[in-house]
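> For reference, the file structure-v5.csv (CSV, C-alpha atoms) is included below:
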chain,number,residue,atom,x,y,z
K,1,MET,CA,117.2,91.0,113.5
K,2,ALA,CA,114.1,93.1,113.7
K,3,VAL,CA,112.3,90.4,115.6
K,4,GLU,CA,114.9,90.2,118.3
K,5,SER,CA,114.9,94.0,118.8
K,6,THR,CA,111.1,94.0,118.9
K,7,ALA,CA,111.2,91.2,121.5
K,8,ILE,CA,113.6,93.2,123.7
K,9,VAL,CA,111.5,96.4,123.5
K,10,LEU,CA,108.3,94.5,124.2
K,11,THR,CA,109.9,92.6,127.1
K,12,GLU,CA,111.0,95.9,128.6
K,13,ARG,CA,107.5,97.3,128.3
K,14,ILE,CA,106.0,94.3,130.0
K,15,ASP,CA,108.5,94.6,132.8
K,16,ALA,CA,107.6,98.3,133.1
K,17,LEU,CA,103.9,97.4,133.2
K,18,ALA,CA,104.5,94.9,136.0
K,19,ALA,CA,106.5,97.5,138.0
K,20,ALA,CA,103.8,100.1,137.5
K,21,LEU,CA,101.1,97.7,138.6
K,22,ARG,CA,103.0,96.8,141.8
K,23,ALA,CA,103.6,100.5,142.5
K,24,ALA,CA,100.0,101.4,142.0
K,25,GLY,CA,98.9,98.6,144.5
K,26,VAL,CA,97.0,96.6,141.9
K,27,SER,CA,95.9,93.3,143.3
K,28,PRO,CA,98.1,90.3,142.3
K,29,GLU,CA,95.1,88.6,140.7
K,30,ARG,CA,94.3,91.6,138.5
K,31,SER,CA,98.0,92.2,137.7
K,32,SER,CA,98.4,88.6,136.6
K,33,MET,CA,95.4,88.9,134.2
K,34,LEU,CA,96.7,92.1,132.7
K,35,LEU,CA,100.2,90.7,132.4
K,36,ALA,CA,98.9,87.6,130.8
K,37,SER,CA,97.0,89.7,128.2
K,38,ALA,CA,100.1,91.7,127.6
K,39,ALA,CA,102.2,88.6,127.1
K,40,ALA,CA,99.7,87.2,124.6
K,41,ALA,CA,99.6,90.4,122.7
K,42,THR,CA,103.4,90.4,122.7
K,43,MET,CA,103.5,86.9,121.2
K,44,HIS,CA,101.1,88.0,118.5
K,45,ALA,CA,103.2,91.0,117.7
K,46,LEU,CA,106.4,89.0,117.4
K,47,THR,CA,104.7,86.4,115.2
K,48,LEU,CA,103.5,89.1,112.9
K,49,ASP,CA,106.9,90.7,112.9
K,50,ALA,CA,108.5,87.4,112.0
K,51,LEU,CA,106.1,86.6,109.3
K,52,LEU,CA,106.6,90.0,107.7
K,53,GLU,CA,110.4,89.6,108.0
K,54,ALA,CA,110.5,86.1,106.4
K,55,PRO,CA,111.2,85.9,102.7
K,56,PRO,CA,108.2,84.7,100.7
K,57,LYS,CA,108.2,80.9,99.9
K,58,ALA,CA,108.4,79.7,96.4
K,59,ALA,CA,105.1,78.4,95.0
K,60,SER,CA,105.0,74.6,95.1
K,61,PRO,CA,104.4,72.8,91.8
K,62,ALA,CA,100.8,71.8,91.2
K,63,ARG,CA,100.0,68.2,92.0
K,64,PRO,CA,97.5,66.1,90.2
K,65,ALA,CA,94.1,65.7,91.9
K,66,ALA,CA,94.8,62.0,92.7
K,67,ALA,CA,97.9,62.9,94.6
K,68,ARG,CA,96.3,65.5,96.9
K,69,ALA,CA,95.2,64.5,100.4
K,70,PRO,CA,91.5,64.0,100.8
K,71,ALA,CA,89.6,67.0,102.1
K,72,ALA,CA,88.6,67.0,105.8
K,73,ALA,CA,85.1,65.8,106.5
K,74,THR,CA,82.7,68.5,107.6
K,75,VAL,CA,81.0,68.1,111.0
K,76,PRO,CA,77.6,69.7,111.4
K,77,LEU,CA,77.4,71.9,114.5
K,78,ALA,CA,74.4,72.3,116.7
K,79,ALA,CA,73.1,75.8,117.0
Kindly transcribe the structure held in the file into structure tokens.

Amino acid sequence: MAVESTAIVLTERIDALAAALRAAGVSPERSSMLLASAAAATMHALTLDALLEAPPKAASPARPAAARAPAAATVPLAA
């Protein structure tokens, strides 16, 4: 429930930001960059809110080493 209310509040704030940018005469290009950043920040906030709201998962039973998936190969990166 908290995630939904957070989403509503943040959506209203992004709408208010868009209106303020239009009223201030900010160029459409600059407005779109600012609104894209605000939308990304909103998604991060909602993800964090959902993670904090979710009950913790039960620990999975330990599997023998032979049953585990092989580790990903490391790839050297050029500096």
> Tell me, as a list in words, which residues lie within 10 Å of K:Ala36, counting only C-alpha atoms; anything in the same chain fewer than 6 positions away does not count.
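The residues that qualify are Ile14, Arg30 and Thr42 of chain K.
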> Smallest atom-to-atom distance to K:Arg13: which of K:Ala39, K:Gly25, K:Ser31, K:Leu48, using all atoms listed in the file?
K:Ala39
> Of the candidates K:Leu21, K:Val3, K:Ala54, K:Ile8, which one gets nearest to K:Leu34 if we count all atoms listed in the file?
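Of K:Leu21, K:Val3, K:Ala54, K:Ile8, the one nearest K:Leu34, counting all atoms listed in the file, is K:Leu21.
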> So the first atom is atom CA of K:Met43 and the second is atom CA of K:Glu4; what is the distance between them in Å, to one decimal place?
12.2 Å
> Quick one: distance from atom CA of K:Ser37 to atom CA of K:Ser5 in Å, one decimal?
20.7 Å
> Which is closer to K:Ala38 than all the others in K:Ala19, K:Val26, K:Leu51, K:Leu10, using all atoms listed in the file?
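Smallest separation from K:Ala38 among the options: K:Leu10.
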> Quick one: pull the distance between atom CA of K:Leu46 and atom CA of K:Arg22, Å, one decimal.
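If I compute the distance from atom CA of K:Leu46 to atom CA of K:Arg22, I get 25.8 Å.
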